[in-house]
Each structure stands twice: as C-alpha cells, then as structure tokens.
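As stored in final-v7.pdb (PDB, C-alpha atoms):
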```pdb
ATOM      1  CA  MET A   1     -36.589  17.280 -20.970
ATOM      2  CA  ALA A   2     -33.461  18.730 -22.533
ATOM      3  CA  ILE A   3     -34.282  22.123 -21.092
ATOM      4  CA  LEU A   4     -34.348  20.822 -17.555
ATOM      5  CA  GLU A   5     -31.309  18.598 -17.911
ATOM      6  CA  VAL A   6     -29.052  21.421 -19.005
ATOM      7  CA  GLU A   7     -30.272  23.756 -16.306
ATOM      8  CA  ARG A   8     -27.768  24.372 -13.579
ATOM      9  CA  ALA A   9     -28.441  25.696 -10.154
ATOM     10  CA  ARG A  10     -28.683  29.462 -10.441
ATOM     11  CA  VAL A  11     -28.114  32.134  -7.854
ATOM     12  CA  ASN A  12     -30.788  34.800  -7.490
ATOM     13  CA  GLY A  13     -28.650  37.835  -8.395
ATOM     14  CA  ALA A  14     -29.746  38.110 -12.029
ATOM     15  CA  ALA A  15     -33.422  37.894 -11.076
ATOM     16  CA  LEU A  16     -33.031  40.577  -8.437
ATOM     17  CA  ALA A  17     -31.068  42.769 -10.862
ATOM     18  CA  ALA A  18     -33.899  42.562 -13.402
ATOM     19  CA  TYR A  19     -36.445  43.206 -10.658
ATOM     20  CA  LEU A  20     -34.708  46.247  -9.160
ATOM     21  CA  GLY A  21     -33.791  47.478 -12.632
ATOM     22  CA  ALA A  22     -37.492  47.544 -13.536
ATOM     23  CA  GLY A  23     -38.183  49.482 -10.348
ATOM     24  CA  ILE A  24     -35.507  52.027 -11.278
ATOM     25  CA  GLY A  25     -37.016  52.280 -14.763
ATOM     26  CA  ALA A  26     -40.451  52.976 -13.293
ATOM     27  CA  PHE A  27     -38.989  55.646 -11.030
ATOM     28  CA  ALA A  28     -37.051  57.171 -13.922
ATOM     29  CA  MET A  29     -40.280  57.481 -15.874
ATOM     30  CA  GLY A  30     -41.910  59.307 -12.977
ATOM     31  CA  LEU A  31     -38.866  61.508 -12.514
ATOM     32  CA  PHE A  32     -38.715  62.634 -16.148
ATOM     33  CA  VAL A  33     -42.453  63.327 -16.078
ATOM     34  CA  ILE A  34     -42.344  65.454 -12.925
ATOM     35  CA  LEU A  35     -39.230  67.310 -14.105
ATOM     36  CA  ASN A  36     -41.118  68.145 -17.276
ATOM     37  CA  GLU A  37     -44.284  69.197 -15.482
ATOM     38  CA  THR A  38     -42.399  71.469 -13.084
ATOM     39  CA  GLY A  39     -40.389  73.026 -15.912
ATOM     40  CA  VAL A  40     -37.056  71.857 -14.517
ATOM     41  CA  PHE A  41     -36.105  69.650 -17.460
ATOM     42  CA  ALA A  42     -37.972  68.862 -20.658
ATOM     43  CA  ALA A  43     -36.569  65.927 -22.583
ATOM     44  CA  PRO A  44     -36.365  66.819 -26.266
ATOM     45  CA  ALA A  45     -38.955  65.201 -28.513
ATOM     46  CA  LEU A  46     -37.584  62.371 -30.637
ATOM     47  CA  TYR A  47     -40.554  62.525 -32.976
ATOM     48  CA  GLY A  48     -42.132  65.937 -33.388
ATOM     49  CA  PRO A  49     -45.722  64.909 -34.200
ATOM     50  CA  ALA A  50     -45.914  62.870 -30.980
ATOM     51  CA  GLY A  51     -44.305  65.610 -28.864
ATOM     52  CA  GLY A  52     -42.316  65.495 -25.641
ATOM     53  CA  VAL A  53     -43.619  62.100 -24.526
ATOM     54  CA  THR A  54     -41.222  60.477 -26.996
ATOM     55  CA  GLY A  55     -38.244  62.110 -25.270
ATOM     56  CA  ARG A  56     -39.449  61.377 -21.731
ATOM     57  CA  THR A  57     -40.122  57.718 -22.455
ATOM     58  CA  ALA A  58     -36.860  57.277 -24.371
ATOM     59  CA  PHE A  59     -34.846  58.806 -21.527
ATOM     60  CA  ALA A  60     -36.607  56.550 -19.010
ATOM     61  CA  VAL A  61     -35.968  53.448 -21.131
ATOM     62  CA  VAL A  62     -32.285  54.318 -21.440
ATOM     63  CA  ALA A  63     -32.047  54.875 -17.658
ATOM     64  CA  TRP A  64     -33.765  51.516 -17.093
ATOM     65  CA  LEU A  65     -31.432  49.634 -19.437
ATOM     66  CA  ILE A  66     -28.313  51.222 -17.941
ATOM     67  CA  ALA A  67     -29.451  50.506 -14.372
ATOM     68  CA  TRP A  68     -30.368  46.915 -15.245
ATOM     69  CA  GLY A  69     -27.071  46.365 -17.065
ATOM     70  CA  VAL A  70     -24.987  47.694 -14.192
ATOM     71  CA  LEU A  71     -26.918  45.678 -11.591
ATOM     72  CA  HIS A  72     -26.740  42.538 -13.725
ATOM     73  CA  ARG A  73     -22.976  42.769 -14.077
ATOM     74  CA  ARG A  74     -22.525  43.217 -10.351
ATOM     75  CA  TRP A  75     -25.071  40.677  -9.096
ATOM     76  CA  LYS A  76     -25.382  37.912 -11.692
ATOM     77  CA  ASP A  77     -23.066  35.507  -9.849
ATOM     78  CA  GLN A  78     -24.225  36.334  -6.351
ATOM     79  CA  GLU A  79     -26.860  34.993  -4.012
ATOM     80  CA  LEU A  80     -28.432  38.007  -2.333
ATOM     81  CA  ALA A  81     -30.931  38.640   0.441
ATOM     82  CA  ALA A  82     -34.139  39.443  -1.404
ATOM     83  CA  GLY A  83     -35.985  41.364   1.307
ATOM     84  CA  ARG A  84     -34.382  44.770   0.849
ATOM     85  CA  VAL A  85     -34.337  44.513  -2.926
ATOM     86  CA  HIS A  86     -38.013  43.597  -2.917
ATOM     87  CA  ALA A  87     -38.885  46.535  -0.655
ATOM     88  CA  ALA A  88     -36.786  48.961  -2.715
ATOM     89  CA  THR A  89     -38.320  47.767  -5.985
ATOM     90  CA  ILE A  90     -41.902  48.056  -4.753
ATOM     91  CA  GLY A  91     -41.108  51.496  -3.340
ATOM     92  CA  LEU A  92     -39.545  52.685  -6.610
ATOM     93  CA  ILE A  93     -42.464  51.389  -8.697
ATOM     94  CA  LEU A  94     -44.991  53.090  -6.408
ATOM     95  CA  LEU A  95     -43.005  56.331  -6.430
ATOM     96  CA  GLY A  96     -42.742  56.233 -10.211
ATOM     97  CA  LEU A  97     -46.485  55.697 -10.536
ATOM     98  CA  VAL A  98     -47.264  58.519  -8.096
ATOM     99  CA  LEU A  99     -45.066  60.907 -10.082
ATOM    100  CA  THR A 100     -46.877  60.013 -13.325
ATOM    101  CA  PHE A 101     -50.270  60.573 -11.643
ATOM    102  CA  PRO A 102     -51.587  63.868 -13.100
ATOM    103  CA  PRO A 103     -53.282  65.181  -9.901
ATOM    104  CA  VAL A 104     -49.893  65.016  -8.148
ATOM    105  CA  TRP A 105     -48.340  67.437 -10.646
ATOM    106  CA  ALA A 106     -50.442  70.270  -9.253
ATOM    107  CA  LEU A 107     -48.711  69.867  -5.866
ATOM    108  CA  PHE A 108     -45.351  70.999  -7.252
TER     109      PHE A 108
ATOM    110  CA  MET B   1     -70.442  58.364 -52.499
ATOM    111  CA  GLU B   2     -68.592  55.417 -51.010
ATOM    112  CA  THR B   3     -68.265  55.469 -47.243
ATOM    113  CA  MET B   4     -65.176  53.961 -45.613
ATOM    114  CA  LEU B   5     -66.151  51.656 -42.761
ATOM    115  CA  PHE B   6     -62.719  51.973 -41.164
ATOM    116  CA  THR B   7     -60.144  54.677 -41.748
ATOM    117  CA  PRO B   8     -56.423  53.931 -41.390
ATOM    118  CA  ASP B   9     -56.355  55.766 -38.042
ATOM    119  CA  SER B  10     -59.298  53.774 -36.681
ATOM    120  CA  LEU B  11     -57.689  50.530 -37.856
ATOM    121  CA  TRP B  12     -54.462  51.425 -36.087
ATOM    122  CA  THR B  13     -56.466  52.203 -32.957
ATOM    123  CA  MET B  14     -58.025  48.732 -33.095
ATOM    124  CA  VAL B  15     -54.658  47.079 -33.712
ATOM    125  CA  HIS B  16     -53.235  49.020 -30.751
ATOM    126  CA  GLY B  17     -56.064  48.560 -28.274
ATOM    127  CA  ILE B  18     -57.764  45.296 -29.161
ATOM    128  CA  GLY B  19     -55.112  43.291 -31.001
ATOM    129  CA  LEU B  20     -51.855  44.133 -29.263
ATOM    130  CA  GLY B  21     -53.062  45.539 -25.937
ATOM    131  CA  GLY B  22     -55.788  42.931 -25.581
ATOM    132  CA  GLY B  23     -53.358  40.186 -26.542
ATOM    133  CA  ALA B  24     -50.848  41.439 -23.985
ATOM    134  CA  MET B  25     -53.496  41.406 -21.255
ATOM    135  CA  LEU B  26     -54.536  37.860 -22.122
ATOM    136  CA  GLY B  27     -50.912  36.736 -22.197
ATOM    137  CA  LEU B  28     -50.110  38.429 -18.890
ATOM    138  CA  PHE B  29     -53.065  36.820 -17.169
ATOM    139  CA  ALA B  30     -52.276  33.399 -18.618
ATOM    140  CA  ALA B  31     -48.622  33.750 -17.581
ATOM    141  CA  LEU B  32     -49.648  34.829 -14.088
ATOM    142  CA  PHE B  33     -51.987  31.852 -13.830
ATOM    143  CA  ALA B  34     -49.242  29.510 -15.034
ATOM    144  CA  VAL B  35     -46.646  30.859 -12.631
ATOM    145  CA  ARG B  36     -48.983  30.516  -9.654
ATOM    146  CA  THR B  37     -50.518  27.145 -10.444
ATOM    147  CA  LEU B  38     -47.929  25.010 -12.269
ATOM    148  CA  THR B  39     -45.571  22.916 -10.197
ATOM    149  CA  VAL B  40     -42.382  21.072 -11.117
ATOM    150  CA  ASP B  41     -41.103  18.029  -9.259
ATOM    151  CA  ALA B  42     -37.517  17.731  -8.066
ATOM    152  CA  GLU B  43     -36.929  15.244 -10.884
ATOM    153  CA  PRO B  44     -39.110  16.579 -13.669
ATOM    154  CA  GLY B  45     -40.153  14.644 -16.767
ATOM    155  CA  PRO B  46     -40.866  15.614 -20.390
ATOM    156  CA  SER B  47     -44.287  17.108 -19.654
ATOM    157  CA  ALA B  48     -42.717  19.491 -17.152
ATOM    158  CA  ALA B  49     -40.256  20.644 -19.808
ATOM    159  CA  ALA B  50     -43.150  21.408 -22.142
ATOM    160  CA  GLN B  51     -44.924  23.354 -19.417
ATOM    161  CA  VAL B  52     -41.816  25.381 -18.667
ATOM    162  CA  ARG B  53     -41.344  26.096 -22.369
ATOM    163  CA  SER B  54     -44.967  27.239 -22.700
ATOM    164  CA  MET B  55     -44.613  29.503 -19.699
ATOM    165  CA  GLY B  56     -41.491  31.030 -21.236
ATOM    166  CA  TRP B  57     -43.315  31.722 -24.498
ATOM    167  CA  LEU B  58     -46.184  33.329 -22.591
ATOM    168  CA  LEU B  59     -43.816  35.625 -20.728
ATOM    169  CA  VAL B  60     -41.823  36.615 -23.803
ATOM    170  CA  GLY B  61     -44.929  36.954 -25.995
ATOM    171  CA  SER B  62     -46.673  39.170 -23.460
ATOM    172  CA  ALA B  63     -43.664  41.457 -23.189
ATOM    173  CA  LEU B  64     -43.308  41.719 -26.980
ATOM    174  CA  LEU B  65     -47.021  42.481 -27.410
ATOM    175  CA  LEU B  66     -46.788  45.128 -24.727
ATOM    176  CA  TRP B  67     -43.790  46.812 -26.333
ATOM    177  CA  ALA B  68     -45.578  46.810 -29.690
ATOM    178  CA  THR B  69     -48.643  48.318 -27.990
ATOM    179  CA  VAL B  70     -46.777  51.184 -26.346
ATOM    180  CA  ILE B  71     -44.610  51.984 -29.361
ATOM    181  CA  ILE B  72     -47.562  52.060 -31.765
ATOM    182  CA  GLY B  73     -49.618  53.954 -29.197
ATOM    183  CA  THR B  74     -46.954  56.635 -28.806
ATOM    184  CA  TYR B  75     -45.655  56.949 -32.357
ATOM    185  CA  VAL B  76     -48.707  56.072 -34.502
ATOM    186  CA  ILE B  77     -51.898  56.729 -32.492
ATOM    187  CA  PHE B  78     -50.825  59.721 -30.425
ATOM    188  CA  PRO B  79     -49.840  62.141 -33.242
ATOM    189  CA  PRO B  80     -53.312  62.256 -34.888
ATOM    190  CA  TYR B  81     -54.896  62.373 -31.411
ATOM    191  CA  ARG B  82     -52.953  65.518 -30.438
ATOM    192  CA  ALA B  83     -53.074  67.271 -33.831
ATOM    193  CA  THR B  84     -53.908  70.955 -33.558
ATOM    194  CA  PRO B  85     -57.030  72.059 -35.492
ATOM    195  CA  PRO B  86     -56.875  75.068 -37.835
ATOM    196  CA  GLU B  87     -57.836  78.410 -36.300
ATOM    197  CA  GLY B  88     -61.612  78.964 -36.239
ATOM    198  CA  LEU B  89     -62.624  75.381 -37.004
ATOM    199  CA  THR B  90     -65.905  74.526 -35.281
ATOM    200  CA  ASP B  91     -66.168  70.832 -36.163
ATOM    201  CA  LEU B  92     -63.461  69.261 -34.003
ATOM    202  CA  SER B  93     -64.429  65.634 -34.657
ATOM    203  CA  GLN B  94     -61.141  64.988 -36.493
ATOM    204  CA  TYR B  95     -59.101  66.440 -33.627
ATOM    205  CA  PRO B  96     -59.735  64.242 -30.553
ATOM    206  CA  ARG B  97     -57.633  66.175 -28.045
ATOM    207  CA  ALA B  98     -59.127  69.514 -29.014
ATOM    208  CA  LEU B  99     -62.603  67.968 -28.987
ATOM    209  CA  ILE B 100     -62.425  66.566 -25.468
ATOM    210  CA  ARG B 101     -60.731  69.720 -24.125
ATOM    211  CA  SER B 102     -63.430  71.917 -25.616
ATOM    212  CA  ASN B 103     -66.006  70.544 -23.189
ATOM    213  CA  PRO B 104     -65.421  70.984 -19.424
ATOM    214  CA  GLY B 105     -67.311  67.735 -18.857
ATOM    215  CA  THR B 106     -64.850  65.709 -20.915
ATOM    216  CA  ALA B 107     -61.631  67.672 -20.411
ATOM    217  CA  TRP B 108     -60.508  65.189 -17.724
ATOM    218  CA  LEU B 109     -60.200  62.583 -20.447
ATOM    219  CA  HIS B 110     -57.122  64.446 -21.617
ATOM    220  CA  THR B 111     -55.760  65.983 -18.421
ATOM    221  CA  TYR B 112     -56.097  62.762 -16.474
ATOM    222  CA  ALA B 113     -56.786  59.762 -18.717
ATOM    223  CA  MET B 114     -54.570  60.486 -21.707
ATOM    224  CA  GLU B 115     -51.774  61.996 -19.632
ATOM    225  CA  THR B 116     -51.760  58.758 -17.625
ATOM    226  CA  LYS B 117     -51.831  56.630 -20.756
ATOM    227  CA  GLU B 118     -48.809  58.453 -22.132
ATOM    228  CA  HIS B 119     -46.503  57.114 -19.429
ATOM    229  CA  VAL B 120     -47.878  54.249 -17.335
ATOM    230  CA  PRO B 121     -47.876  51.623 -20.131
ATOM    231  CA  TRP B 122     -44.143  52.170 -20.616
ATOM    232  CA  ILE B 123     -43.619  51.236 -16.969
ATOM    233  CA  ALA B 124     -45.716  48.114 -17.552
ATOM    234  CA  ALA B 125     -43.551  47.183 -20.550
ATOM    235  CA  MET B 126     -40.395  47.405 -18.429
ATOM    236  CA  LEU B 127     -41.924  45.185 -15.743
ATOM    237  CA  ALA B 128     -43.081  42.624 -18.324
ATOM    238  CA  THR B 129     -39.605  42.547 -19.845
ATOM    239  CA  ALA B 130     -38.040  41.852 -16.457
ATOM    240  CA  GLY B 131     -40.523  39.013 -15.960
ATOM    241  CA  ALA B 132     -39.750  37.556 -19.391
ATOM    242  CA  PHE B 133     -36.005  37.753 -18.753
ATOM    243  CA  ILE B 134     -36.351  35.912 -15.446
ATOM    244  CA  GLY B 135     -38.586  33.303 -17.088
ATOM    245  CA  LEU B 136     -36.006  32.647 -19.806
ATOM    246  CA  ARG B 137     -32.985  32.638 -17.529
ATOM    247  CA  TYR B 138     -34.380  30.647 -14.613
ATOM    248  CA  ARG B 139     -36.806  28.380 -16.530
ATOM    249  CA  SER B 140     -38.134  25.694 -14.178
ATOM    250  CA  ALA B 141     -36.737  27.529 -11.134
ATOM    251  CA  VAL B 142     -39.566  30.036 -11.643
ATOM    252  CA  LEU B 143     -41.936  27.208 -10.700
ATOM    253  CA  ARG B 144     -39.648  25.519  -8.157
ATOM    254  CA  ASP B 145     -38.045  28.358  -6.219
ATOM    255  CA  PRO B 146     -40.589  30.321  -4.113
ATOM    256  CA  GLN B 147     -38.403  33.437  -4.139
ATOM    257  CA  VAL B 148     -38.083  33.570  -7.925
ATOM    258  CA  ARG B 149     -41.755  32.660  -8.307
ATOM    259  CA  ASN B 150     -42.754  35.554  -6.032
ATOM    260  CA  ILE B 151     -40.625  38.036  -7.982
ATOM    261  CA  VAL B 152     -42.213  37.014 -11.289
ATOM    262  CA  THR B 153     -45.654  37.063  -9.677
ATOM    263  CA  ALA B 154     -45.117  40.599  -8.379
ATOM    264  CA  LEU B 155     -43.925  41.785 -11.793
ATOM    265  CA  LEU B 156     -46.793  40.165 -13.721
ATOM    266  CA  ALA B 157     -49.538  41.164 -11.287
ATOM    267  CA  THR B 158     -48.394  44.791 -11.188
ATOM    268  CA  CYS B 159     -48.038  44.815 -14.947
ATOM    269  CA  PHE B 160     -51.513  43.350 -15.486
ATOM    270  CA  VAL B 161     -53.164  45.926 -13.211
ATOM    271  CA  LEU B 162     -51.371  48.806 -14.966
ATOM    272  CA  VAL B 163     -52.271  47.554 -18.445
ATOM    273  CA  ALA B 164     -55.912  46.989 -17.462
ATOM    274  CA  TYR B 165     -56.052  50.495 -15.975
ATOM    275  CA  ALA B 166     -54.589  52.084 -19.103
ATOM    276  CA  ALA B 167     -56.918  50.036 -21.297
ATOM    277  CA  ILE B 168     -60.017  51.230 -19.443
ATOM    278  CA  LEU B 169     -58.889  54.842 -19.778
ATOM    279  CA  GLY B 170     -58.306  54.231 -23.482
ATOM    280  CA  VAL B 171     -61.833  52.919 -23.883
ATOM    281  CA  PHE B 172     -63.201  56.084 -22.255
ATOM    282  CA  VAL B 173     -61.172  58.371 -24.510
ATOM    283  CA  ASN B 174     -62.075  56.418 -27.626
ATOM    284  CA  LYS B 175     -65.760  56.435 -26.697
ATOM    285  CA  VAL B 176     -65.910  60.235 -26.572
ATOM    286  CA  ALA B 177     -63.352  61.163 -29.216
ATOM    287  CA  PRO B 178     -62.496  58.247 -31.519
ATOM    288  CA  LEU B 179     -59.827  58.548 -34.176
ATOM    289  CA  ASP B 180     -61.853  58.463 -37.391
TER     290      ASP B 180
END
```

Would you mind writing the file's structure down as structure tokens?
Amino acid sequence: MAILEVERARVNGAALAAYLGAGIGAFAMGLFVILNETGVFAAPALYGPAGGVTGRTAFAVVAWLIAWGVLHRRWKDQELAAGRVHAATIGLILLGLVLTFPPVWALF
Amino acid sequence: METMLFTPDSLWTMVHGIGLGGGAMLGLFAALFAVRTLTVDAEPGPSAAAQVRSMGWLLVGSALLLWATVIIGTYVIFPPYRATPPEGLTDLSQYPRALIRSNPGTAWLHTYAMETKEHVPWIAAMLATAGAFIGLRYRSAVLRDPQVRNIVTALLATCFVLVAYAAILGVFVNKVAPLD
C-alpha cells in the first residue's frame, strides 16, 4: 500500500522520452550496421576476439543513452501529445530493424 | 579415456540460450500478460500494491536477463564461434563459423542467422530497459493509464518477438554447428 500512497500524479514526458529514446537506439544500431556494411564507417572493435560487433553495439548503446538522457531532461516535467512520439518511435524501430536485416545490405 | 559431457563453451552456450535467454523470454511474456490483464482501482488496496511490485520485478528482471544474454552472447559465445581455423584443417567441427560457411547449404546460417543475432538482441535489450524504467517510475499508472499501458505493451511485445526470433535462429545455428 505504501507504494501507491506515495505515488503522485505523473506527467507522461518521462515515459515518452524512454520510448522515443529506445527507438533512437534501435535506429542507431541499424545505422552503425549499414555504415559498416557499406564501408563508410567501421566502429573499432572493443574486444578483438569478438570483432567489430563489439564496437557497433557499444556505439549504438552510447547513442541510445545520450538520446534518452537528453529527451528525459527536456520532457520529464511535461505532458506531451503521444501520437507523434508513438509514430516516430515505431518508425525508428522498424527502420533500425530493416537496416540490420542482412538481405538489405546487398541493396547498398 | 574420460569423455567430457559438457565443455566450458557448451555450458556457456546453455547458460546464454536456455538460462538467460529463456528466462528473459518467460519474464517478458509474463510481464506482457500482467500489463494487459491486471487492473488497479482508483483507490487501490494492499493486494494491488503487491501486484504492482510484482510487475515491476518482472519488468526489471526481464531487462537484466536480456542484458546478461546479449553481453555473454557477444563477448563469451561469439569469439569461439568466429575463431579462424588453421590453414589446411579439414575437420572444422571446432570452428562453427568456418564449418557452416564451408557448405553452401548451411552458409545462410552465418550470412543471415548469425549476422541477425549479432545486432537484433541489443535492440531488444534497449526496448526492455525502457519498459522496465517506465514500470519503475510510473508503477500503478502502468495499469491505470491507458496511454502508459500501451507504451509498455508496445515495448514488451516488440521485444518478445525480437527475442523469440533471435532464439529460433540460435537454435538453428547450434543444431548445425554447436560449440563443443
């Protein structure tokens, strides 16, 4: 009961920041993968035996955390319209997944 | 001569795929079920607080299991999988990537399945973390506020599908070229 009693009404900004931040992280993963596959940018390996995947994933995680942090600071005290954020997040996740889909790499 | 039933690499593979990955999938599904089916009244009682606490543990536990799965998969399982065999070696059974690439019928298990598994689970881990954060911050509002509930549902459902997809691909790879 204590949990519910201390809860205060919350605006939706922090939830939407986490949501969109995850979408940006998914897109960042796809972006680093396609940049690597096209030879534009290869993230350096953090752990040699595992190869370049360690660099790509680390870069994507850092991009995700930065994006989430920035969005959280800006939105945490705001009540926002969710529609556009929802659409943008779904779009970014789908785009990130498409870019990590190996058959797509051959198109570039 | 004594035969080892399980080598360290095969044990790590089981920890990664069955223990951590399987646990994450179970947790994600349970959390998804909880978020969609539990309800909280406007003036909730002690049982509602326990339900909300359990849901929070499910969300956080699933995310932690998923992070452990992807980190062990990338840094512990992947190196022996991609090890390069010595020049001229004909028995490639200890070199899974070389083994599946040596046969045109199984090469897709690397070029498609493993390449997918390298990246997609990391996306799933980010989505699960966002869901866990929202669960911890909003607590009973996840069950009371349709907008917050829908966000967590979208995150968990997407995450579950991605993890299940990666797990199936992992089963295929391990069937043809297990880490022994």

Practice problem: Provide as JSON, numbers by chain the residues of chain B at most 7 Å from chain A, counting all atoms listed in the file. | Solution: {"B": [45, 46, 49, 74, 75, 78, 79, 112, 115, 116, 118, 119, 123, 126, 127, 130, 134]}

Quiz item: Which distance in Å separates atom CA of B:Ile77 and atom CA of B:Gly170, to one decimal?
Solution: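 Going from atom CA of B:Ile77 over to atom CA of B:Gly170, I get 11.3 Å.
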
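One distance worth recording is that between atom CA of B:Ala128 and atom CA of A:Gly52, which is 24.0 Å.
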
Quiz item: Applied to this file, what does the PyMOL selection byres ((chain B and resi 9) around 12) return in terms of residues, put as a PyMOL selection string?
Solution: chain B and resi 4-8+10-16+72-73+76-81+94-96+174+178-180

File dump, residues just selected, C-alpha atoms, as an mmCIF file, in the coordinates of the input:
```cif
data_model
loop_
_atom_site.group_PDB
_atom_site.id
_atom_site.type_symbol
_atom_site.label_atom_id
_atom_site.label_comp_id
_atom_site.auth_asym_id
_atom_site.auth_seq_id
_atom_site.Cartn_x
_atom_site.Cartn_y
_atom_site.Cartn_z
ATOM 1 C CA MET B 4 -65.176 53.961 -45.613
ATOM 2 C CA LEU B 5 -66.151 51.656 -42.761
ATOM 3 C CA PHE B 6 -62.719 51.973 -41.164
ATOM 4 C CA THR B 7 -60.144 54.677 -41.748
ATOM 5 C CA PRO B 8 -56.423 53.931 -41.390
ATOM 6 C CA SER B 10 -59.298 53.774 -36.681
ATOM 7 C CA LEU B 11 -57.689 50.530 -37.856
ATOM 8 C CA TRP B 12 -54.462 51.425 -36.087
ATOM 9 C CA THR B 13 -56.466 52.203 -32.957
ATOM 10 C CA MET B 14 -58.025 48.732 -33.095
ATOM 11 C CA VAL B 15 -54.658 47.079 -33.712
ATOM 12 C CA HIS B 16 -53.235 49.020 -30.751
ATOM 13 C CA ILE B 72 -47.562 52.060 -31.765
ATOM 14 C CA GLY B 73 -49.618 53.954 -29.197
ATOM 15 C CA VAL B 76 -48.707 56.072 -34.502
ATOM 16 C CA ILE B 77 -51.898 56.729 -32.492
ATOM 17 C CA PHE B 78 -50.825 59.721 -30.425
ATOM 18 C CA PRO B 79 -49.840 62.141 -33.242
ATOM 19 C CA PRO B 80 -53.312 62.256 -34.888
ATOM 20 C CA TYR B 81 -54.896 62.373 -31.411
ATOM 21 C CA GLN B 94 -61.141 64.988 -36.493
ATOM 22 C CA TYR B 95 -59.101 66.440 -33.627
ATOM 23 C CA PRO B 96 -59.735 64.242 -30.553
ATOM 24 C CA ASN B 174 -62.075 56.418 -27.626
ATOM 25 C CA PRO B 178 -62.496 58.247 -31.519
ATOM 26 C CA LEU B 179 -59.827 58.548 -34.176
ATOM 27 C CA ASP B 180 -61.853 58.463 -37.391
#
```

Self-check item: Distance in Å - atom CA of B:Leu156 versus atom CA of A:Arg74
Solution: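 Those two atoms sit 24.7 Å apart.
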
Exercise. Run through the PyMOL selection byres ((chain A and resi 78) around 6) on the given coordinates and return the selected residues as a PyMOL selection string.
Key: chain A and resi 11+13+75-77+79

Quiz item: Leaving out stretch 26-43 of chain B and any residue of its chain fewer than 5 positions from it, which residues lie within 12 Å of it when counting all atoms listed in the file, given as number ranges by chain?
Solution: A: 1, 4-5; B: 18-21, 48-66, 124-125, 127-129, 131-132, 134-135, 139-146, 148-164

Exercise. Could you give me, as a ChimeraX atom specification, the residues that sit within 12 Å of (-41.5, 69.9, -13.7) in the file's coordinates, counting all atoms listed in the file?
Key: /A:30-43,56,99-100,102,104-108

Starting from the sparse input, extend stretch 86-102 of chain A to N, CA and C atoms and give the output as a PDB file, in the frame of the given file.
```pdb
ATOM      1  N   HIS A  86     -36.567  43.622  -2.685  1.00  0.00           N
ATOM      2  CA  HIS A  86     -38.013  43.597  -2.917  1.00  0.00           C
ATOM      3  C   HIS A  86     -38.656  44.898  -2.429  1.00  0.00           C
ATOM      4  N   ALA A  87     -38.309  45.307  -1.215  1.00  0.00           N
ATOM      5  CA  ALA A  87     -38.885  46.535  -0.655  1.00  0.00           C
ATOM      6  C   ALA A  87     -38.507  47.750  -1.499  1.00  0.00           C
ATOM      7  N   ALA A  88     -37.237  47.818  -1.908  1.00  0.00           N
ATOM      8  CA  ALA A  88     -36.786  48.961  -2.715  1.00  0.00           C
ATOM      9  C   ALA A  88     -37.508  48.988  -4.060  1.00  0.00           C
ATOM     10  N   THR A  89     -37.667  47.813  -4.667  1.00  0.00           N
ATOM     11  CA  THR A  89     -38.320  47.767  -5.985  1.00  0.00           C
ATOM     12  C   THR A  89     -39.775  48.207  -5.892  1.00  0.00           C
ATOM     13  N   ILE A  90     -40.491  47.665  -4.913  1.00  0.00           N
ATOM     14  CA  ILE A  90     -41.902  48.056  -4.753  1.00  0.00           C
ATOM     15  C   ILE A  90     -41.996  49.560  -4.489  1.00  0.00           C
ATOM     16  N   GLY A  91     -41.102  50.064  -3.641  1.00  0.00           N
ATOM     17  CA  GLY A  91     -41.108  51.496  -3.340  1.00  0.00           C
ATOM     18  C   GLY A  91     -40.853  52.343  -4.583  1.00  0.00           C
ATOM     19  N   LEU A  92     -39.874  51.933  -5.397  1.00  0.00           N
ATOM     20  CA  LEU A  92     -39.545  52.685  -6.610  1.00  0.00           C
ATOM     21  C   LEU A  92     -40.697  52.650  -7.625  1.00  0.00           C
ATOM     22  N   ILE A  93     -41.330  51.488  -7.756  1.00  0.00           N
ATOM     23  CA  ILE A  93     -42.464  51.389  -8.697  1.00  0.00           C
ATOM     24  C   ILE A  93     -43.599  52.301  -8.224  1.00  0.00           C
ATOM     25  N   LEU A  94     -43.904  52.247  -6.933  1.00  0.00           N
ATOM     26  CA  LEU A  94     -44.991  53.090  -6.408  1.00  0.00           C
ATOM     27  C   LEU A  94     -44.667  54.574  -6.589  1.00  0.00           C
ATOM     28  N   LEU A  95     -43.416  54.934  -6.291  1.00  0.00           N
ATOM     29  CA  LEU A  95     -43.005  56.331  -6.430  1.00  0.00           C
ATOM     30  C   LEU A  95     -43.095  56.775  -7.897  1.00  0.00           C
ATOM     31  N   GLY A  96     -42.653  55.912  -8.788  1.00  0.00           N
ATOM     32  CA  GLY A  96     -42.742  56.233 -10.211  1.00  0.00           C
ATOM     33  C   GLY A  96     -44.179  56.437 -10.646  1.00  0.00           C
ATOM     34  N   LEU A  97     -45.069  55.569 -10.169  1.00  0.00           N
ATOM     35  CA  LEU A  97     -46.485  55.697 -10.536  1.00  0.00           C
ATOM     36  C   LEU A  97     -47.091  56.976  -9.954  1.00  0.00           C
ATOM     37  N   VAL A  98     -46.724  57.290  -8.716  1.00  0.00           N
ATOM     38  CA  VAL A  98     -47.264  58.519  -8.096  1.00  0.00           C
ATOM     39  C   VAL A  98     -46.831  59.738  -8.908  1.00  0.00           C
ATOM     40  N   LEU A  99     -45.573  59.746  -9.338  1.00  0.00           N
ATOM     41  CA  LEU A  99     -45.066  60.907 -10.082  1.00  0.00           C
ATOM     42  C   LEU A  99     -45.673  61.024 -11.489  1.00  0.00           C
ATOM     43  N   THR A 100     -46.205  59.927 -12.015  1.00  0.00           N
ATOM     44  CA  THR A 100     -46.877  60.013 -13.325  1.00  0.00           C
ATOM     45  C   THR A 100     -48.377  60.261 -13.163  1.00  0.00           C
ATOM     46  N   PHE A 101     -48.840  60.392 -11.925  1.00  0.00           N
ATOM     47  CA  PHE A 101     -50.270  60.573 -11.643  1.00  0.00           C
ATOM     48  C   PHE A 101     -50.613  62.058 -11.786  1.00  0.00           C
ATOM     49  N   PRO A 102     -51.376  62.436 -12.812  1.00  0.00           N
ATOM     50  CA  PRO A 102     -51.587  63.868 -13.100  1.00  0.00           C
ATOM     51  C   PRO A 102     -52.017  64.739 -11.917  1.00  0.00           C
TER      52      PRO A 102
END
```
